[in-house]
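Presented below is the structure to which this report refers.
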Amino acid sequence: MASLIGLRATATAAAAARGSLLRSNSSIPAFFISSKINLPTASFSSDSHDDFAAKRTVINDDEEAFNVIKDHVKNNPIMVYMKGNPSQPMCGFSGKVVGILQKEEVDFSSVNVLEYPNIREGVKKFSEWPTIPQLYVNGEFIGGCDIITTMHENGELKELLSELKK
C-alpha cells in the first residue's frame, strides 16, 4: 500500500500540522491512529535524512488518476474521497460523512481531493457521480453525503459496515 497518496501520516507530521511538537515518549492521540489523514511534510531536524520525510505522489493525467483511485478502493475496506481531511474537513458535506463514520466506529482511509485536482475529477468519472464526498466500501461505490446520511439514519450503513468489523 505504499502507493497510497498521503493516506498515512507520521505522528510528528500530525503534531506539526497542529502546531505542536511531540516528544519521543509522548503518546499518539487515538484519532491519528484510527483515521488515515493527509498532512503536509514536516521536518524537525536539519540532520534528518530525506528517507524519513512524508512523500507525496504527483498525479499527472486522467489515466494515472483512474489507476490510483482503483488501487485505493481495492486496497482500503472503507475509502472516502473528501474535501479536507478527517481532522479538518473543508466542506460541511465531507464533515458530515466523517462524523457518521466516526459514529459507526469504523476505521477508514481518505484522500483530500483539494490537494489532488486529477483525483478530484477522476473520482467523479470513476463512480459516475458528480459530487464529493464519495464513500466506497469493499471496492463498491456507496454514495455521497445524502445517501450515506439516509443509510445511517435507517440502519443500512451500520449493517453494511458490521460485516467489516467481524
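All residue names refer to the C-alpha cells as shown: chains lettered A, B, ... in order, residues numbered from 1 in each chain, ligands numbered from 1 in order.
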### Message
Neighbouring residues of segment 88-95 of chain A were defined as those with any atom within 12 Å, considering only C-alpha atoms; residues of the same chain fewer than 4 positions away were excluded. Please report them as JSON, numbers by chain.
### Response
{"A": [14, 17, 18, 37, 38, 39, 80, 81, 82, 83, 84, 99, 100, 101, 102, 110, 111, 112, 113, 114, 115, 131, 132, 133, 134, 135, 144, 145, 146, 147, 148, 149]}
For the selection you just gave me, I'd like the residues written to a file as a tab-separated table (two decimals), in the first residue's frame, keeping N, CA, C and O atoms.
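Now in out13.tsv:
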```tsv
chain	number	residue	atom	x	y	z
A	14	ALA	N	1.72	14.90	12.08
A	14	ALA	CA	0.41	15.26	12.62
A	14	ALA	C	0.57	16.35	13.68
A	14	ALA	O	-0.19	17.31	13.71
A	17	ALA	N	1.33	19.67	12.05
A	17	ALA	CA	0.15	20.28	11.46
A	17	ALA	C	-0.72	20.94	12.52
A	17	ALA	O	-1.42	21.91	12.26
A	18	ARG	N	-0.69	20.41	13.74
A	18	ARG	CA	-1.44	21.01	14.84
A	18	ARG	C	-0.66	22.14	15.49
A	18	ARG	O	-1.15	22.80	16.39
A	37	ILE	N	-4.93	10.19	7.62
A	37	ILE	CA	-5.15	11.56	7.21
A	37	ILE	C	-4.04	12.03	6.31
A	37	ILE	O	-2.95	11.47	6.28
A	38	ASN	N	-4.31	13.07	5.59
A	38	ASN	CA	-3.40	13.63	4.63
A	38	ASN	C	-2.82	14.92	5.19
A	38	ASN	O	-3.55	15.90	5.34
A	39	LEU	N	-1.53	14.92	5.54
A	39	LEU	CA	-0.90	16.08	6.12
A	39	LEU	C	0.35	16.47	5.35
A	39	LEU	O	0.97	15.64	4.70
A	80	VAL	N	-12.83	7.09	1.65
A	80	VAL	CA	-13.60	8.33	1.47
A	80	VAL	C	-12.77	9.33	0.67
A	80	VAL	O	-11.63	9.61	1.02
A	81	TYR	N	-13.35	9.83	-0.38
A	81	TYR	CA	-12.79	10.96	-1.12
A	81	TYR	C	-13.55	12.17	-0.63
A	81	TYR	O	-14.78	12.23	-0.70
A	82	MET	N	-12.81	13.13	-0.08
A	82	MET	CA	-13.45	14.25	0.60
A	82	MET	C	-12.68	15.54	0.38
A	82	MET	O	-11.55	15.53	-0.11
A	83	LYS	N	-13.30	16.64	0.75
A	83	LYS	CA	-12.62	17.94	0.74
A	83	LYS	C	-12.09	18.17	2.15
A	83	LYS	O	-12.85	18.23	3.10
A	84	GLY	N	-10.78	18.25	2.25
A	84	GLY	CA	-10.12	18.36	3.54
A	84	GLY	C	-9.72	16.99	4.04
A	84	GLY	O	-9.61	16.04	3.26
A	99	GLY	N	-18.24	12.49	10.31
A	99	GLY	CA	-18.94	12.34	11.59
A	99	GLY	C	-19.76	11.06	11.65
A	99	GLY	O	-19.77	10.37	12.68
A	100	ILE	N	-20.41	10.72	10.56
A	100	ILE	CA	-21.20	9.48	10.51
A	100	ILE	C	-20.30	8.27	10.64
A	100	ILE	O	-20.59	7.35	11.41
A	101	LEU	N	-19.19	8.25	9.92
A	101	LEU	CA	-18.27	7.11	10.01
A	101	LEU	C	-17.67	7.00	11.41
A	101	LEU	O	-17.47	5.89	11.92
A	102	GLN	N	-17.42	8.11	12.06
A	102	GLN	CA	-16.91	8.07	13.43
A	102	GLN	C	-17.98	7.54	14.38
A	102	GLN	O	-17.67	6.77	15.28
A	110	SER	N	-8.79	8.06	3.69
A	110	SER	CA	-9.34	9.20	2.96
A	110	SER	C	-8.29	9.87	2.11
A	110	SER	O	-7.09	9.73	2.36
A	111	VAL	N	-8.77	10.59	1.11
A	111	VAL	CA	-7.91	11.43	0.28
A	111	VAL	C	-8.55	12.81	0.23
A	111	VAL	O	-9.76	12.94	-0.01
A	112	ASN	N	-7.74	13.83	0.45
A	112	ASN	CA	-8.18	15.21	0.33
A	112	ASN	C	-8.11	15.58	-1.15
A	112	ASN	O	-7.04	15.86	-1.68
A	113	VAL	N	-9.25	15.62	-1.82
A	113	VAL	CA	-9.27	15.89	-3.26
A	113	VAL	C	-8.88	17.32	-3.59
A	113	VAL	O	-8.53	17.61	-4.74
A	114	LEU	N	-8.90	18.21	-2.61
A	114	LEU	CA	-8.48	19.60	-2.86
A	114	LEU	C	-6.99	19.68	-3.17
A	114	LEU	O	-6.55	20.61	-3.83
A	115	GLU	N	-6.24	18.71	-2.69
A	115	GLU	CA	-4.80	18.70	-2.94
A	115	GLU	C	-4.42	17.94	-4.21
A	115	GLU	O	-3.27	17.98	-4.63
A	131	THR	N	-20.57	14.51	-7.34
A	131	THR	CA	-20.23	15.30	-6.16
A	131	THR	C	-19.24	14.60	-5.24
A	131	THR	O	-19.03	13.40	-5.31
A	132	ILE	N	-18.65	15.41	-4.38
A	132	ILE	CA	-17.73	14.97	-3.34
A	132	ILE	C	-18.40	15.35	-2.02
A	132	ILE	O	-18.96	16.44	-1.96
A	133	PRO	N	-18.37	14.55	-0.99
A	133	PRO	CA	-17.57	13.35	-0.77
A	133	PRO	C	-18.18	12.11	-1.43
A	133	PRO	O	-19.35	12.10	-1.80
A	134	GLN	N	-17.33	11.10	-1.52
A	134	GLN	CA	-17.76	9.80	-2.04
A	134	GLN	C	-17.23	8.71	-1.11
A	134	GLN	O	-16.07	8.73	-0.72
A	135	LEU	N	-18.11	7.76	-0.80
A	135	LEU	CA	-17.75	6.65	0.08
A	135	LEU	C	-17.73	5.35	-0.70
A	135	LEU	O	-18.66	5.06	-1.45
A	144	GLY	N	-22.84	9.53	-1.96
A	144	GLY	CA	-22.39	10.78	-1.40
A	144	GLY	C	-23.05	11.03	-0.06
A	144	GLY	O	-23.66	10.14	0.55
A	145	CYS	N	-22.97	12.26	0.39
A	145	CYS	CA	-23.44	12.63	1.73
A	145	CYS	C	-24.92	12.32	1.95
A	145	CYS	O	-25.29	11.76	2.98
A	146	ASP	N	-25.76	12.63	0.97
A	146	ASP	CA	-27.20	12.41	1.15
A	146	ASP	C	-27.53	10.93	1.31
A	146	ASP	O	-28.31	10.54	2.19
A	147	ILE	N	-26.93	10.08	0.49
A	147	ILE	CA	-27.17	8.64	0.57
A	147	ILE	C	-26.60	8.07	1.86
A	147	ILE	O	-27.26	7.26	2.54
A	148	ILE	N	-25.40	8.48	2.24
A	148	ILE	CA	-24.77	7.99	3.47
A	148	ILE	C	-25.61	8.40	4.68
A	148	ILE	O	-25.82	7.60	5.60
A	149	THR	N	-26.10	9.64	4.68
A	149	THR	CA	-26.93	10.11	5.79
A	149	THR	C	-28.20	9.27	5.92
A	149	THR	O	-28.56	8.82	7.02
```
### Task
Could you please write out, as a list in words, every residue of segment 51-155 of chain A that DSSP assigns to strand (DSSP E or B)?
Ile78, Met79, Val80, Tyr81, Met82, Gly84, Asn85, Gln88, Pro89, Phe108, Ser109, Ser110, Val111, Asn112, Gln134, Leu135, Tyr136, Val137, Glu140, Phe141, Ile142 and Gly143 of chain A
### Query
Please, what distance in Å, to one decimal, runs between atom CA of Leu160 of chain A and atom CA of Val123 of chain A?
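The value is 21.8 Å.
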### Task
Kindly give the distance, in Å, that separates atom CA of Ser87 of chain A and atom CA of Ser109 of chain A, rounded to a single decimal.
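Between these atoms lies a distance of 12.3 Å.
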### Message
Quick check, in Å to one decimal: how far apart do atom CA of Phe141 of chain A and atom CA of Ser127 of chain A lie?
### Response
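Atom CA of Ser127 of chain A lies at a distance of 6.5 Å from atom CA of Phe141 of chain A.
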Show me a table, sorted first by chain and then by increasing residue number, of the residues of segment 91-131 of chain A having an atom at most 9 Å from segment 56-77 of chain A, each with its shortest atom pair and the distance in Å to one decimal, counting only C-alpha atoms and written as a Markdown table.
```
| residue | atom | partner | partner_atom | distance |
| --- | --- | --- | --- | --- |
| A:Asp107 | CA | A:Pro77 | CA | 8.9 |
| A:Phe108 | CA | A:Pro77 | CA | 7.4 |
| A:Ser109 | CA | A:Asn76 | CA | 6.6 |
| A:Tyr116 | CA | A:Ile59 | CA | 7.4 |
| A:Pro117 | CA | A:Ile59 | CA | 8.6 |
| A:Asn118 | CA | A:Ala65 | CA | 6.0 |
| A:Ile119 | CA | A:Ala65 | CA | 5.4 |
| A:Arg120 | CA | A:Ala65 | CA | 8.9 |
| A:Glu121 | CA | A:Asp62 | CA | 8.3 |
| A:Gly122 | CA | A:Ala65 | CA | 5.9 |
| A:Val123 | CA | A:Ile69 | CA | 6.8 |
| A:Lys125 | CA | A:Phe66 | CA | 8.5 |
| A:Phe126 | CA | A:Phe66 | CA | 6.8 |
```
Those residues with N, CA, C and O atoms, as a compact mmCIF listing (two decimals), in the first residue's frame please?
```txt
# COMPACT_ATOMS: atom_id res chain seq x y z
N ASP A 107 -12.72 2.34 11.18
CA ASP A 107 -11.53 2.97 10.63
C ASP A 107 -11.75 3.16 9.14
O ASP A 107 -12.37 2.32 8.49
N PHE A 108 -11.25 4.25 8.62
CA PHE A 108 -11.40 4.50 7.19
C PHE A 108 -10.19 5.26 6.67
O PHE A 108 -9.48 5.90 7.43
N SER A 109 -9.98 5.14 5.38
CA SER A 109 -8.92 5.87 4.70
C SER A 109 -9.56 7.00 3.93
O SER A 109 -10.72 6.92 3.54
N TYR A 116 -5.38 17.24 -4.80
CA TYR A 116 -5.12 16.43 -5.99
C TYR A 116 -6.22 16.66 -7.02
O TYR A 116 -7.19 15.91 -7.09
N PRO A 117 -6.10 17.71 -7.84
CA PRO A 117 -7.15 18.04 -8.81
C PRO A 117 -7.48 16.88 -9.76
O PRO A 117 -8.65 16.69 -10.09
N ASN A 118 -6.50 16.11 -10.18
CA ASN A 118 -6.77 14.98 -11.09
C ASN A 118 -7.56 13.89 -10.38
O ASN A 118 -8.40 13.23 -11.00
N ILE A 119 -7.31 13.68 -9.10
CA ILE A 119 -8.09 12.71 -8.33
C ILE A 119 -9.51 13.25 -8.14
O ILE A 119 -10.49 12.51 -8.26
N ARG A 120 -9.62 14.54 -7.88
CA ARG A 120 -10.94 15.16 -7.68
C ARG A 120 -11.84 14.94 -8.89
O ARG A 120 -13.01 14.57 -8.75
N GLU A 121 -11.32 15.17 -10.07
CA GLU A 121 -12.11 14.98 -11.29
C GLU A 121 -12.21 13.49 -11.64
O GLU A 121 -13.24 13.03 -12.10
N GLY A 122 -11.13 12.76 -11.40
CA GLY A 122 -11.11 11.34 -11.75
C GLY A 122 -12.10 10.51 -10.96
O GLY A 122 -12.73 9.59 -11.49
N VAL A 123 -12.28 10.83 -9.67
CA VAL A 123 -13.19 10.04 -8.84
C VAL A 123 -14.63 10.25 -9.28
O VAL A 123 -15.46 9.34 -9.19
N LYS A 125 -15.56 10.66 -12.39
CA LYS A 125 -15.69 9.81 -13.59
C LYS A 125 -15.72 8.34 -13.18
O LYS A 125 -16.48 7.55 -13.74
N PHE A 126 -14.88 7.98 -12.23
CA PHE A 126 -14.77 6.59 -11.78
C PHE A 126 -16.11 6.07 -11.26
O PHE A 126 -16.53 4.96 -11.56
```
### Query
Which neighbours of segment 161-166 of chain A fall inside 10 Å, counting only C-alpha atoms, when residues of the same chain fewer than 4 positions from it are skipped, and could you give them as a VMD selection string?
chain A and resid 77 to 78 101 104 to 107 137 to 138 156 to 157
Write a file of the selected residues as a CSV table (one decimal), in the first residue's frame, keeping all heavy atoms.
```csv
chain,number,residue,atom,x,y,z
A,77,PRO,N,-10.7,-1.1,2.8
A,77,PRO,CA,-12.0,-1.5,3.0
A,77,PRO,C,-13.1,-0.4,3.0
A,77,PRO,O,-14.2,-0.5,2.5
A,77,PRO,CB,-12.0,-2.3,4.3
A,77,PRO,CG,-10.6,-2.6,4.5
A,77,PRO,CD,-9.8,-1.6,3.8
A,78,ILE,N,-12.7,0.7,3.7
A,78,ILE,CA,-13.6,1.9,3.7
A,78,ILE,C,-12.7,3.1,3.2
A,78,ILE,O,-11.7,3.4,3.8
A,78,ILE,CB,-14.1,2.2,5.1
A,78,ILE,CG1,-14.9,0.9,5.6
A,78,ILE,CG2,-15.0,3.4,5.1
A,78,ILE,CD1,-15.3,1.0,7.0
A,101,LEU,N,-19.2,8.3,9.9
A,101,LEU,CA,-18.3,7.1,10.0
A,101,LEU,C,-17.7,7.0,11.4
A,101,LEU,O,-17.5,5.9,11.9
A,101,LEU,CB,-17.2,7.2,8.9
A,101,LEU,CG,-17.7,7.0,7.5
A,101,LEU,CD1,-16.5,7.3,6.5
A,101,LEU,CD2,-18.2,5.7,7.3
A,104,GLU,N,-20.2,5.4,13.6
A,104,GLU,CA,-20.2,4.0,13.3
A,104,GLU,C,-19.0,3.2,13.9
A,104,GLU,O,-19.0,2.0,13.8
A,104,GLU,CB,-20.4,3.7,11.8
A,104,GLU,CG,-21.7,4.3,11.2
A,104,GLU,CD,-22.9,3.5,11.6
A,104,GLU,OE1,-22.8,2.4,12.1
A,104,GLU,OE2,-24.0,4.0,11.3
A,105,GLU,N,-18.0,4.0,14.4
A,105,GLU,CA,-16.8,3.4,15.0
A,105,GLU,C,-16.0,2.5,14.0
A,105,GLU,O,-15.7,1.4,14.4
A,105,GLU,CB,-17.2,2.7,16.3
A,105,GLU,CG,-17.8,3.7,17.3
A,105,GLU,CD,-18.2,3.0,18.6
A,105,GLU,OE1,-18.3,1.7,18.6
A,105,GLU,OE2,-18.3,3.7,19.6
A,106,VAL,N,-15.8,3.0,12.8
A,106,VAL,CA,-15.0,2.2,11.9
A,106,VAL,C,-13.8,3.0,11.5
A,106,VAL,O,-13.8,4.3,11.5
A,106,VAL,CB,-15.8,1.9,10.6
A,106,VAL,CG1,-17.0,0.9,10.9
A,106,VAL,CG2,-16.4,3.1,9.9
A,107,ASP,N,-12.7,2.3,11.2
A,107,ASP,CA,-11.5,3.0,10.6
A,107,ASP,C,-11.8,3.2,9.1
A,107,ASP,O,-12.4,2.3,8.5
A,107,ASP,CB,-10.3,2.1,10.8
A,107,ASP,CG,-9.9,2.0,12.3
A,107,ASP,OD1,-10.2,2.9,13.1
A,107,ASP,OD2,-9.2,1.0,12.7
A,137,VAL,N,-17.0,1.1,0.0
A,137,VAL,CA,-16.9,0.1,1.0
A,137,VAL,C,-16.6,-1.2,0.2
A,137,VAL,O,-17.4,-1.6,-0.7
A,137,VAL,CB,-18.2,-0.1,1.8
A,137,VAL,CG1,-18.0,-1.2,2.8
A,137,VAL,CG2,-18.4,1.2,2.6
A,138,ASN,N,-15.5,-1.9,0.6
A,138,ASN,CA,-15.1,-3.1,-0.1
A,138,ASN,C,-15.1,-3.0,-1.6
A,138,ASN,O,-15.5,-3.8,-2.4
A,138,ASN,CB,-16.0,-4.3,0.3
A,138,ASN,CG,-15.7,-4.8,1.7
A,138,ASN,OD1,-14.6,-4.6,2.2
A,138,ASN,ND2,-16.7,-5.3,2.3
A,156,GLU,N,-29.1,0.9,7.5
A,156,GLU,CA,-28.4,0.2,6.5
A,156,GLU,C,-26.9,0.3,6.5
A,156,GLU,O,-26.2,-0.7,6.2
A,156,GLU,CB,-28.9,0.7,5.1
A,156,GLU,CG,-30.4,0.3,4.8
A,156,GLU,CD,-30.8,0.8,3.4
A,156,GLU,OE1,-30.2,0.4,2.4
A,156,GLU,OE2,-31.6,1.7,3.4
A,157,LEU,N,-26.4,1.5,6.8
A,157,LEU,CA,-25.0,1.7,6.9
A,157,LEU,C,-24.3,0.8,8.0
A,157,LEU,O,-23.3,0.2,7.8
A,157,LEU,CB,-24.6,3.2,7.0
A,157,LEU,CG,-23.1,3.5,6.9
A,157,LEU,CD1,-22.6,3.2,5.5
A,157,LEU,CD2,-22.9,5.0,7.2
```
